[in-house]
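For reference, my_file.pdb (PDB, C-alpha atoms and all ligand atoms):
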ATOM      1  CA  MET A   1      51.291 144.318  82.031
ATOM      2  CA  LEU A   2      50.316 144.514  85.673
ATOM      3  CA  ARG A   3      48.303 147.645  86.495
ATOM      4  CA  GLY A   4      47.657 146.831  90.144
ATOM      5  CA  PRO A   5      47.052 143.826  92.407
ATOM      6  CA  GLY A   6      45.015 141.246  90.457
ATOM      7  CA  ASP A   7      44.780 143.527  87.415
ATOM      8  CA  VAL A   8      46.599 142.551  84.217
ATOM      9  CA  ALA A   9      45.948 143.651  80.649
ATOM     10  CA  VAL A  10      47.470 143.244  77.199
ATOM     11  CA  GLU A  11      48.564 146.508  75.589
ATOM     12  CA  GLN A  12      49.906 147.276  72.114
ATOM     13  CA  ARG A  13      53.243 149.072  72.217
ATOM     14  CA  PRO A  14      55.820 149.913  69.535
ATOM     15  CA  VAL A  15      58.471 147.236  68.991
ATOM     16  CA  PRO A  16      61.426 148.442  71.102
ATOM     17  CA  GLU A  17      64.559 149.535  69.247
ATOM     18  CA  PRO A  18      67.907 148.290  70.564
ATOM     19  CA  GLY A  19      70.120 151.100  71.821
ATOM     20  CA  PRO A  20      73.938 151.139  71.809
ATOM     21  CA  GLY A  21      75.257 147.802  73.047
ATOM     22  CA  GLN A  22      71.817 146.199  73.012
ATOM     23  CA  VAL A  23      70.068 143.544  70.977
ATOM     24  CA  ALA A  24      66.354 143.125  70.272
ATOM     25  CA  VAL A  25      64.959 139.680  70.972
ATOM     26  CA  ARG A  26      61.737 138.149  69.673
ATOM     27  CA  VAL A  27      60.582 136.293  72.786
ATOM     28  CA  ALA A  28      59.714 132.622  72.271
ATOM     29  CA  SER A  29      59.155 131.444  75.842
ATOM     30  CA  VAL A  30      58.931 133.029  79.291
ATOM     31  CA  GLY A  31      58.689 131.085  82.543
ATOM     32  CA  VAL A  32      56.293 132.208  85.254
ATOM     33  CA  CYS A  33      58.110 132.686  88.542
ATOM     34  CA  GLY A  34      56.672 132.846  92.046
ATOM     35  CA  SER A  35      57.772 136.472  92.130
ATOM     36  CA  ASP A  36      55.545 137.255  89.117
ATOM     37  CA  THR A  37      52.583 135.722  90.931
ATOM     38  CA  HIS A  38      53.518 137.617  94.099
ATOM     39  CA  TYR A  39      53.494 140.918  92.208
ATOM     40  CA  TYR A  40      50.159 139.934  90.635
ATOM     41  CA  ASP A  41      48.636 139.175  94.048
ATOM     42  CA  HIS A  42      50.107 142.002  96.116
ATOM     43  CA  GLY A  43      51.438 144.633  93.720
ATOM     44  CA  ARG A  44      54.753 144.624  95.520
ATOM     45  CA  ILE A  45      57.641 142.527  96.823
ATOM     46  CA  GLY A  46      59.222 144.074  99.874
ATOM     47  CA  ARG A  47      60.535 147.530  98.993
ATOM     48  CA  PHE A  48      59.717 147.065  95.275
ATOM     49  CA  VAL A  49      56.237 148.519  94.666
ATOM     50  CA  VAL A  50      54.367 148.531  91.337
ATOM     51  CA  GLU A  51      53.407 152.199  90.946
ATOM     52  CA  GLU A  52      53.261 152.359  87.139
ATOM     53  CA  PRO A  53      52.027 149.563  84.839
ATOM     54  CA  LEU A  54      54.713 146.867  84.836
ATOM     55  CA  VAL A  55      55.379 144.097  82.338
ATOM     56  CA  LEU A  56      56.065 140.921  84.347
ATOM     57  CA  GLY A  57      58.298 137.973  83.414
ATOM     58  CA  HIS A  58      62.061 137.572  83.761
ATOM     59  CA  GLU A  59      62.771 133.989  82.606
ATOM     60  CA  ALA A  60      62.970 134.466  78.866
ATOM     61  CA  ALA A  61      64.494 133.172  75.658
ATOM     62  CA  GLY A  62      64.063 133.931  71.998
ATOM     63  CA  GLU A  63      65.826 134.939  68.812
ATOM     64  CA  VAL A  64      67.897 138.026  68.097
ATOM     65  CA  THR A  65      66.105 140.220  65.541
ATOM     66  CA  GLY A  66      68.179 143.375  65.633
ATOM     67  CA  ARG A  67      71.385 144.872  66.969
ATOM     68  CA  GLY A  68      72.068 148.341  68.279
ATOM     69  CA  PRO A  69      75.167 150.417  67.481
ATOM     70  CA  GLY A  70      78.453 148.774  68.437
ATOM     71  CA  VAL A  71      77.140 145.221  68.812
ATOM     72  CA  THR A  72      79.144 142.512  67.033
ATOM     73  CA  SER A  73      77.589 139.469  68.705
ATOM     74  CA  PRO A  74      75.281 137.656  69.050
ATOM     75  CA  ALA A  75      74.245 137.533  65.399
ATOM     76  CA  VAL A  76      70.784 138.317  64.096
ATOM     77  CA  GLY A  77      68.923 135.013  64.012
ATOM     78  CA  GLN A  78      70.875 133.568  66.944
ATOM     79  CA  ARG A  79      68.707 131.887  69.600
ATOM     80  CA  VAL A  80      69.521 133.295  73.025
ATOM     81  CA  SER A  81      68.663 132.890  76.674
ATOM     82  CA  ILE A  82      68.252 136.222  78.426
ATOM     83  CA  GLU A  83      70.054 136.952  81.668
ATOM     84  CA  PRO A  84      67.475 139.374  83.025
ATOM     85  CA  GLY A  85      69.579 141.602  85.273
ATOM     86  CA  VAL A  86      72.079 144.080  83.880
ATOM     87  CA  PRO A  87      74.425 145.644  86.469
ATOM     88  CA  ASP A  88      76.332 148.925  86.071
ATOM     89  CA  LEU A  89      79.644 147.024  85.656
ATOM     90  CA  THR A  90      81.567 149.827  87.398
ATOM     91  CA  CYS A  91      80.747 149.723  91.135
ATOM     92  CA  PRO A  92      82.926 147.980  93.753
ATOM     93  CA  GLN A  93      80.671 144.886  93.819
ATOM     94  CA  CYS A  94      80.751 144.544  90.040
ATOM     95  CA  LEU A  95      84.523 145.026  89.973
ATOM     96  CA  ALA A  96      84.850 142.325  92.634
ATOM     97  CA  GLY A  97      82.963 139.925  90.359
ATOM     98  CA  ARG A  98      79.819 139.970  92.489
ATOM     99  CA  TYR A  99      77.612 141.744  90.003
ATOM    100  CA  ASN A 100      74.492 140.159  91.511
ATOM    101  CA  LEU A 101      75.044 142.503  94.450
ATOM    102  CA  CYS A 102      75.320 145.619  92.281
ATOM    103  CA  PRO A 103      73.186 148.364  93.879
ATOM    104  CA  ASN A 104      72.390 149.743  90.426
ATOM    105  CA  MET A 105      71.106 146.492  88.933
ATOM    106  CA  ARG A 106      68.357 146.894  86.339
ATOM    107  CA  PHE A 107      66.369 143.672  86.548
ATOM    108  CA  PHE A 108      63.443 142.607  84.344
ATOM    109  CA  ALA A 109      60.007 142.794  85.951
ATOM    110  CA  THR A 110      61.287 144.650  88.989
ATOM    111  CA  PRO A 111      59.793 148.166  89.215
ATOM    112  CA  PRO A 112      60.373 150.308  87.236
ATOM    113  CA  ILE A 113      61.999 147.926  84.694
ATOM    114  CA  ASP A 114      59.603 146.110  82.364
ATOM    115  CA  GLY A 115      59.924 142.357  81.943
ATOM    116  CA  ALA A 116      59.510 139.816  79.170
ATOM    117  CA  PHE A 117      55.817 138.912  78.896
ATOM    118  CA  ALA A 118      56.030 140.641  75.543
ATOM    119  CA  GLU A 119      56.618 139.762  71.895
ATOM    120  CA  TYR A 120      59.889 141.737  71.811
ATOM    121  CA  VAL A 121      62.377 142.983  74.414
ATOM    122  CA  VAL A 122      65.749 144.695  74.261
ATOM    123  CA  VAL A 123      68.664 143.577  76.410
ATOM    124  CA  HIS A 124      72.411 144.226  76.788
ATOM    125  CA  ALA A 125      74.139 142.114  74.137
ATOM    126  CA  ALA A 126      76.441 140.440  76.674
ATOM    127  CA  PHE A 127      73.407 139.288  78.651
ATOM    128  CA  ALA A 128      71.804 137.584  75.639
ATOM    129  CA  HIS A 129      73.542 134.211  75.876
ATOM    130  CA  PRO A 130      73.636 132.050  72.727
ATOM    131  CA  VAL A 131      72.121 128.594  73.151
ATOM    132  CA  PRO A 132      72.641 125.517  70.975
ATOM    133  CA  ASP A 133      69.780 124.081  68.931
ATOM    134  CA  ALA A 134      69.643 121.104  71.301
ATOM    135  CA  LEU A 135      67.924 123.327  73.860
ATOM    136  CA  SER A 136      64.204 123.910  73.445
ATOM    137  CA  ASP A 137      62.843 127.429  73.792
ATOM    138  CA  ASP A 138      61.356 126.501  77.167
ATOM    139  CA  ALA A 139      64.669 125.074  78.407
ATOM    140  CA  ALA A 140      66.484 128.185  77.208
ATOM    141  CA  ALA A 141      64.043 130.334  79.199
ATOM    142  CA  LEU A 142      64.401 128.164  82.291
ATOM    143  CA  LEU A 143      68.176 128.632  82.374
ATOM    144  CA  GLU A 144      67.247 131.515  84.678
ATOM    145  CA  PRO A 145      65.821 129.410  87.528
ATOM    146  CA  LEU A 146      68.554 126.849  86.820
ATOM    147  CA  SER A 147      71.042 129.634  87.475
ATOM    148  CA  VAL A 148      69.517 130.080  90.923
ATOM    149  CA  GLY A 149      70.179 126.385  91.596
ATOM    150  CA  ILE A 150      73.730 126.603  90.278
ATOM    151  CA  TRP A 151      74.432 129.650  92.417
ATOM    152  CA  ALA A 152      73.044 127.870  95.495
ATOM    153  CA  CYS A 153      75.289 124.859  94.872
ATOM    154  CA  ARG A 154      78.309 127.127  94.420
ATOM    155  CA  LYS A 155      77.548 129.025  97.616
ATOM    156  CA  GLY A 156      77.113 125.716  99.444
ATOM    157  CA  ARG A 157      80.322 124.362  97.862
ATOM    158  CA  VAL A 158      78.550 121.183  96.710
ATOM    159  CA  THR A 159      81.177 118.823  95.320
ATOM    160  CA  ALA A 160      81.998 115.173  94.690
ATOM    161  CA  GLY A 161      80.554 113.031  97.471
ATOM    162  CA  SER A 162      78.483 115.789  99.051
ATOM    163  CA  ARG A 163      75.426 114.829 101.073
ATOM    164  CA  VAL A 164      72.796 117.449 100.311
ATOM    165  CA  LEU A 165      69.429 118.155 101.900
ATOM    166  CA  ILE A 166      66.985 120.189  99.817
ATOM    167  CA  THR A 167      63.924 121.541 101.590
ATOM    168  CA  GLY A 168      61.172 122.479  99.147
ATOM    169  CA  ALA A 169      60.563 120.718  95.815
ATOM    170  CA  GLY A 170      59.210 123.636  93.801
ATOM    171  CA  PRO A 171      60.906 124.591  90.540
ATOM    172  CA  ILE A 172      64.006 125.894  92.339
ATOM    173  CA  GLY A 173      64.267 122.817  94.563
ATOM    174  CA  LEU A 174      63.890 120.593  91.501
ATOM    175  CA  VAL A 175      66.649 122.345  89.565
ATOM    176  CA  ALA A 176      68.775 122.278  92.720
ATOM    177  CA  VAL A 177      68.365 118.474  92.882
ATOM    178  CA  GLN A 178      69.694 118.094  89.359
ATOM    179  CA  THR A 179      72.459 120.649  89.817
ATOM    180  CA  ALA A 180      73.680 119.086  93.061
ATOM    181  CA  LEU A 181      73.899 115.705  91.315
ATOM    182  CA  ALA A 182      75.754 117.285  88.376
ATOM    183  CA  PHE A 183      78.177 118.870  90.860
ATOM    184  CA  GLY A 184      78.936 115.382  92.204
ATOM    185  CA  ALA A 185      76.637 115.045  95.211
ATOM    186  CA  THR A 186      76.095 111.368  95.996
ATOM    187  CA  GLU A 187      73.163 111.781  98.373
ATOM    188  CA  VAL A 188      70.363 114.238  97.667
ATOM    189  CA  VAL A 189      67.468 114.151 100.123
ATOM    190  CA  VAL A 190      64.390 116.220  99.281
ATOM    191  CA  SER A 191      61.578 117.154 101.634
ATOM    192  CA  ASP A 192      58.240 118.739 100.745
ATOM    193  CA  VAL A 193      54.535 118.357 101.512
ATOM    194  CA  ASN A 194      53.496 117.957  97.842
ATOM    195  CA  LEU A 195      53.655 114.317  96.760
ATOM    196  CA  THR A 196      53.539 115.158  93.029
ATOM    197  CA  ARG A 197      56.642 117.257  93.412
ATOM    198  CA  LEU A 198      58.377 114.666  95.576
ATOM    199  CA  ASP A 199      57.740 112.029  92.914
ATOM    200  CA  LEU A 200      59.247 114.346  90.331
ATOM    201  CA  ALA A 201      62.250 114.952  92.592
ATOM    202  CA  ARG A 202      62.828 111.202  92.740
ATOM    203  CA  GLU A 203      62.441 110.880  88.987
ATOM    204  CA  LEU A 204      65.037 113.603  88.538
ATOM    205  CA  GLY A 205      67.524 111.733  90.694
ATOM    206  CA  ALA A 206      66.878 112.492  94.361
ATOM    207  CA  THR A 207      68.217 109.574  96.379
ATOM    208  CA  GLU A 208      65.615 109.958  99.128
ATOM    209  CA  ILE A 209      62.352 111.851  99.448
ATOM    210  CA  LEU A 210      60.621 112.849 102.672
ATOM    211  CA  ASP A 211      56.979 113.779 103.127
ATOM    212  CA  ALA A 212      57.483 116.723 105.471
ATOM    213  CA  ARG A 213      54.026 116.178 107.021
ATOM    214  CA  THR A 214      55.113 112.863 108.536
ATOM    215  CA  ALA A 215      58.905 112.591 108.305
ATOM    216  CA  GLY A 216      61.402 114.842 110.041
ATOM    217  CA  VAL A 217      64.741 115.792 108.564
ATOM    218  CA  THR A 218      66.545 115.491 111.881
ATOM    219  CA  ASP A 219      66.403 111.687 111.956
ATOM    220  CA  LEU A 220      68.166 110.992 108.680
ATOM    221  CA  ASP A 221      70.590 108.077 108.863
ATOM    222  CA  ARG A 222      73.493 110.297 107.884
ATOM    223  CA  ALA A 223      73.526 114.003 108.535
ATOM    224  CA  PRO A 224      73.759 116.162 105.397
ATOM    225  CA  GLY A 225      76.734 118.441 104.928
ATOM    226  CA  VAL A 226      74.904 121.001 102.810
ATOM    227  CA  LEU A 227      71.396 122.397 103.127
ATOM    228  CA  LEU A 228      69.826 124.088 100.114
ATOM    229  CA  GLU A 229      66.749 125.680 101.678
ATOM    230  CA  CYS A 230      64.258 126.240  98.864
ATOM    231  CA  SER A 231      60.938 126.366 100.731
ATOM    232  CA  GLY A 232      61.118 129.731 102.465
ATOM    233  CA  HIS A 233      59.268 128.093 105.339
ATOM    234  CA  PRO A 234      60.731 129.299 108.673
ATOM    235  CA  ALA A 235      60.024 126.136 110.681
ATOM    236  CA  ALA A 236      61.376 123.898 107.907
ATOM    237  CA  THR A 237      64.485 126.059 107.728
ATOM    238  CA  VAL A 238      65.217 125.761 111.458
ATOM    239  CA  SER A 239      64.657 121.982 111.465
ATOM    240  CA  ALA A 240      66.961 121.594 108.496
ATOM    241  CA  ILE A 241      69.718 123.678 110.093
ATOM    242  CA  ARG A 242      69.465 121.419 113.154
ATOM    243  CA  ALA A 243      69.839 118.388 110.872
ATOM    244  CA  LEU A 244      73.184 119.488 109.436
ATOM    245  CA  ALA A 245      76.430 117.668 110.183
ATOM    246  CA  PRO A 246      79.153 119.533 112.078
ATOM    247  CA  ALA A 247      80.751 122.191 109.835
ATOM    248  CA  GLY A 248      77.678 121.992 107.621
ATOM    249  CA  ARG A 249      76.651 124.780 105.305
ATOM    250  CA  ALA A 250      73.147 126.233 105.102
ATOM    251  CA  VAL A 251      72.216 128.117 101.937
ATOM    252  CA  LEU A 252      68.999 130.099 102.256
ATOM    253  CA  VAL A 253      67.398 130.356  98.814
ATOM    254  CA  GLY A 254      63.652 130.296  99.459
ATOM    255  CA  MET A 255      61.863 133.497 100.351
ATOM    256  CA  GLY A 256      59.220 133.451 103.040
ATOM    257  CA  GLY A 257      59.261 134.723 106.578
ATOM    258  CA  ASP A 258      61.129 137.967 107.147
ATOM    259  CA  GLU A 259      62.712 136.784 110.367
ATOM    260  CA  LEU A 260      63.953 133.492 111.723
ATOM    261  CA  ALA A 261      64.645 132.409 115.299
ATOM    262  CA  LEU A 262      68.026 130.758 114.898
ATOM    263  CA  PRO A 263      69.159 127.900 117.208
ATOM    264  CA  LEU A 264      72.355 129.765 118.017
ATOM    265  CA  SER A 265      73.954 127.046 120.150
ATOM    266  CA  VAL A 266      73.533 124.582 117.250
ATOM    267  CA  VAL A 267      75.090 127.050 114.841
ATOM    268  CA  GLN A 268      77.959 127.849 117.198
ATOM    269  CA  GLU A 269      78.780 124.427 118.576
ATOM    270  CA  ASN A 270      78.708 122.868 115.107
ATOM    271  CA  GLU A 271      80.354 125.778 113.308
ATOM    272  CA  ILE A 272      77.481 125.909 110.844
ATOM    273  CA  GLU A 273      78.060 128.301 107.959
ATOM    274  CA  LEU A 274      74.946 130.172 106.923
ATOM    275  CA  THR A 275      74.539 132.262 103.799
ATOM    276  CA  GLY A 276      71.812 133.825 101.756
ATOM    277  CA  THR A 277      71.734 133.891  97.983
ATOM    278  CA  PHE A 278      70.650 136.741  95.771
ATOM    279  CA  ARG A 279      70.122 135.835  92.118
ATOM    280  CA  TYR A 280      73.452 134.706  90.532
ATOM    281  CA  ALA A 281      76.597 135.842  88.775
ATOM    282  CA  GLY A 282      78.409 134.101  85.942
ATOM    283  CA  THR A 283      76.107 131.078  85.807
ATOM    284  CA  TRP A 284      74.820 131.023  82.216
ATOM    285  CA  PRO A 285      77.751 129.157  80.616
ATOM    286  CA  THR A 286      77.414 126.425  83.248
ATOM    287  CA  ALA A 287      73.634 126.344  82.830
ATOM    288  CA  VAL A 288      73.864 125.980  79.046
ATOM    289  CA  ALA A 289      76.440 123.187  79.383
ATOM    290  CA  LEU A 290      74.458 121.248  81.996
ATOM    291  CA  VAL A 291      71.315 121.217  79.850
ATOM    292  CA  ALA A 292      73.060 120.675  76.510
ATOM    293  CA  SER A 293      74.914 117.669  77.953
ATOM    294  CA  GLY A 294      71.719 116.151  79.328
ATOM    295  CA  ARG A 295      72.811 116.442  82.969
ATOM    296  CA  VAL A 296      69.835 118.689  83.700
ATOM    297  CA  ASP A 297      66.336 118.294  82.241
ATOM    298  CA  LEU A 298      64.338 121.518  82.294
ATOM    299  CA  ASP A 299      61.591 120.505  79.857
ATOM    300  CA  ARG A 300      60.420 117.902  82.376
ATOM    301  CA  LEU A 301      59.438 120.721  84.749
ATOM    302  CA  VAL A 302      57.014 122.381  82.319
ATOM    303  CA  THR A 303      53.410 121.522  83.186
ATOM    304  CA  GLY A 304      51.538 124.177  81.240
ATOM    305  CA  THR A 305      51.884 126.494  78.230
ATOM    306  CA  TYR A 306      49.880 129.687  77.724
ATOM    307  CA  GLY A 307      49.631 132.473  75.159
ATOM    308  CA  LEU A 308      50.098 136.129  76.010
ATOM    309  CA  GLU A 309      46.340 136.677  76.165
ATOM    310  CA  GLN A 310      46.138 133.974  78.848
ATOM    311  CA  ALA A 311      48.882 135.457  81.006
ATOM    312  CA  GLU A 312      46.500 135.824  83.942
ATOM    313  CA  ASP A 313      45.705 132.094  83.833
ATOM    314  CA  ALA A 314      49.432 131.417  83.697
ATOM    315  CA  LEU A 315      50.047 133.583  86.768
ATOM    316  CA  THR A 316      47.418 131.742  88.822
ATOM    317  CA  ALA A 317      48.014 128.189  87.528
ATOM    318  CA  GLY A 318      50.148 127.266  90.516
ATOM    319  CA  ARG A 319      47.459 127.909  93.069
ATOM    320  CA  ARG A 320      44.662 126.415  90.978
ATOM    321  CA  ASP A 321      46.400 123.115  90.328
ATOM    322  CA  PRO A 322      48.577 121.303  92.893
ATOM    323  CA  GLN A 323      49.958 119.205  90.005
ATOM    324  CA  SER A 324      51.383 122.341  88.419
ATOM    325  CA  VAL A 325      55.152 122.748  88.658
ATOM    326  CA  LYS A 326      56.298 125.287  86.063
ATOM    327  CA  VAL A 327      54.203 127.096  83.502
ATOM    328  CA  VAL A 328      55.500 129.059  80.545
ATOM    329  CA  VAL A 329      54.075 131.775  78.322
ATOM    330  CA  HIS A 330      54.692 131.699  74.568
ATOM    331  CA  PRO A 331      54.142 135.318  73.499
ATOM    332  CA  GLN A 332      54.131 134.555  69.755
ATOM    333  CA  THR A 333      51.093 132.257  69.968
TER     334      THR A 333
HETATM  335 ZN    ZN B 401      77.673 147.461  89.961
END
Take the structure in this file and express it as structure tokens.
Ligand SMILES: [Zn+2]
Amino acid sequence: MLRGPGDVAVEQRPVPEPGPGQVAVRVASVGVCGSDTHYYDHGRIGRFVVEEPLVLGHEAAGEVTGRGPGVTSPAVGQRVSIEPGVPDLTCPQCLAGRYNLCPNMRFFATPPIDGAFAEYVVVHAAFAHPVPDALSDDAAALLEPLSVGIWACRKGRVTAGSRVLITGAGPIGLVAVQTALAFGATEVVVSDVNLTRLDLARELGATEILDARTAGVTDLDRAPGVLLECSGHPAATVSAIRALAPAGRAVLVGMGGDELALPLSVVQENEIELTGTFRYAGTWPTAVALVASGRVDLDRLVTGTYGLEQAEDALTAGRRDPQSVKVVVHPQT
């Protein structure tokens, strides 16, 4: 658990009991997200401030070990991937199918809700998604970041023949590459400053990679129709919006600068559509199918595995090693 900026500790707690409608899950793998590291460094993300000790981690998978009253599925023993945000299911946004925008969302590792760097968690039964044996524990955990990529492709309406530009080749950019290809994109250009990650993007199917230190996105041979902005870098975002074809769509996924000076004449004269994304809704069935069918490889992203006692090393691996892409914590080891 995180007690304050740069201060984590392991604490013994009772195994949580599943309440009505919940299942208990023995956690097998948890991915470390940039947001976990941000909480570790700063003790807050925007308006979310860590005021009480907080268990981090929201990309988790494991095995159902118990069921609360009223739960008929999943079965005890079933391997599941956890969708880490449970909405109220009654507000206007939920009823409109946009449960990611629910104002009453309870999301793992977002104060005051504890996350999954733990041996056991409880979760709403409908948000514990069964996974086939073909998926490794790590892949099952990383269905969460894959969901971010799926949601971005849906918001950008990526489809057969799409030309897609992805700025930022971190874990989200790398799942977005694979998702865009699975959605039928025929050109996927990836830009980043990290050559290790660019090489991985190419290996995962990117049709062109650009070293952002030397190559601009505005002089591509053919202008992309969809931008999936995964860097959070304001200057990169503006350049990429300028690079879009007329009627192009810009999907802002990466988090970085709070404000952006938008080239309004470019947006207006080209009728650029611009949207943000916030988490995802209804993505797990697609995520499971993409990985189970081999269209998306999540295990390839894993560059380090840590035990619960080494959670601090896991949280800082990204900054210590430029070769690091995605690290996971295995709480049972
Ligand atoms: Zn709601």
Next item on the list: Dump the neighbourhood of ligand ZN 401 (chain B) as a list in words: all residues within 7 Å, distances computed on all atoms listed in the file.
Entry: Pro87, Asp88, Leu89, Thr90, Cys91, Pro92, Gln93, Cys94, Tyr99, Cys102, Pro103, Asn104 and Met105 of chain A
CA of Gln178 in chain A to CA of Asp297 in chain A measures 7.9 Å
Gly170 in chain A proximity check over A:Pro69, A:Pro130, A:Gly254, A:Gly4, using all atoms listed in the file: winner is A:Gly254
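With only C-alpha atoms as the atoms that count, the residue of A:Val32, A:Val86, A:Thr286, A:Glu119 with the shortest distance to Arg106 in chain A is A:Val86.
Nearest residue to Ala281 in chain A, choosing from A:Ile113, A:Ala125, A:Ile166, A:Ala96 and counting all atoms listed in the file: A:Ala96.
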Near Ala24 in chain A, counting only C-alpha atoms, which residues have an atom at most 10 Å away, once you skip same-chain residues fewer than 6 positions from it, shown as a PDB file with C-alpha atoms, in the frame of the given file?
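As written to disk, part00.pdb reads:
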ATOM      1  CA  VAL A  15      58.471 147.236  68.991  1.00  0.00           C
ATOM      2  CA  PRO A  16      61.426 148.442  71.102  1.00  0.00           C
ATOM      3  CA  GLU A  17      64.559 149.535  69.247  1.00  0.00           C
ATOM      4  CA  PRO A  18      67.907 148.290  70.564  1.00  0.00           C
ATOM      5  CA  GLY A  62      64.063 133.931  71.998  1.00  0.00           C
ATOM      6  CA  GLU A  63      65.826 134.939  68.812  1.00  0.00           C
ATOM      7  CA  VAL A  64      67.897 138.026  68.097  1.00  0.00           C
ATOM      8  CA  THR A  65      66.105 140.220  65.541  1.00  0.00           C
ATOM      9  CA  GLY A  66      68.179 143.375  65.633  1.00  0.00           C
ATOM     10  CA  ARG A  67      71.385 144.872  66.969  1.00  0.00           C
ATOM     11  CA  GLY A  68      72.068 148.341  68.279  1.00  0.00           C
ATOM     12  CA  VAL A  76      70.784 138.317  64.096  1.00  0.00           C
ATOM     13  CA  TYR A 120      59.889 141.737  71.811  1.00  0.00           C
ATOM     14  CA  VAL A 121      62.377 142.983  74.414  1.00  0.00           C
ATOM     15  CA  VAL A 122      65.749 144.695  74.261  1.00  0.00           C
ATOM     16  CA  VAL A 123      68.664 143.577  76.410  1.00  0.00           C
ATOM     17  CA  HIS A 124      72.411 144.226  76.788  1.00  0.00           C
ATOM     18  CA  ALA A 125      74.139 142.114  74.137  1.00  0.00           C
ATOM     19  CA  ALA A 128      71.804 137.584  75.639  1.00  0.00           C
TER      20      ALA A 128
END
Discussion item. Give me the residues near range 207-214 of chain A as an MDAnalysis selection string, where near means some atom within 9 Å (using all atoms listed in the file) and where sequence neighbours in that chain fewer than 5 positions away do not count.
Written reply: chainID A and resid 167 186:195 198:199 201:202 236
Open item on the list: Excluding range 175-177 of chain A and its own-chain neighbours fewer than 2 positions away, which residues fall within 10 Å of it when counting all atoms listed in the file? Please give them as an MDAnalysis selection string.
Closed with: chainID A and resid 142:143 145:153 164:166 168:173 179:182 185 187:190 201:202 204:207 228:230 296:298 301
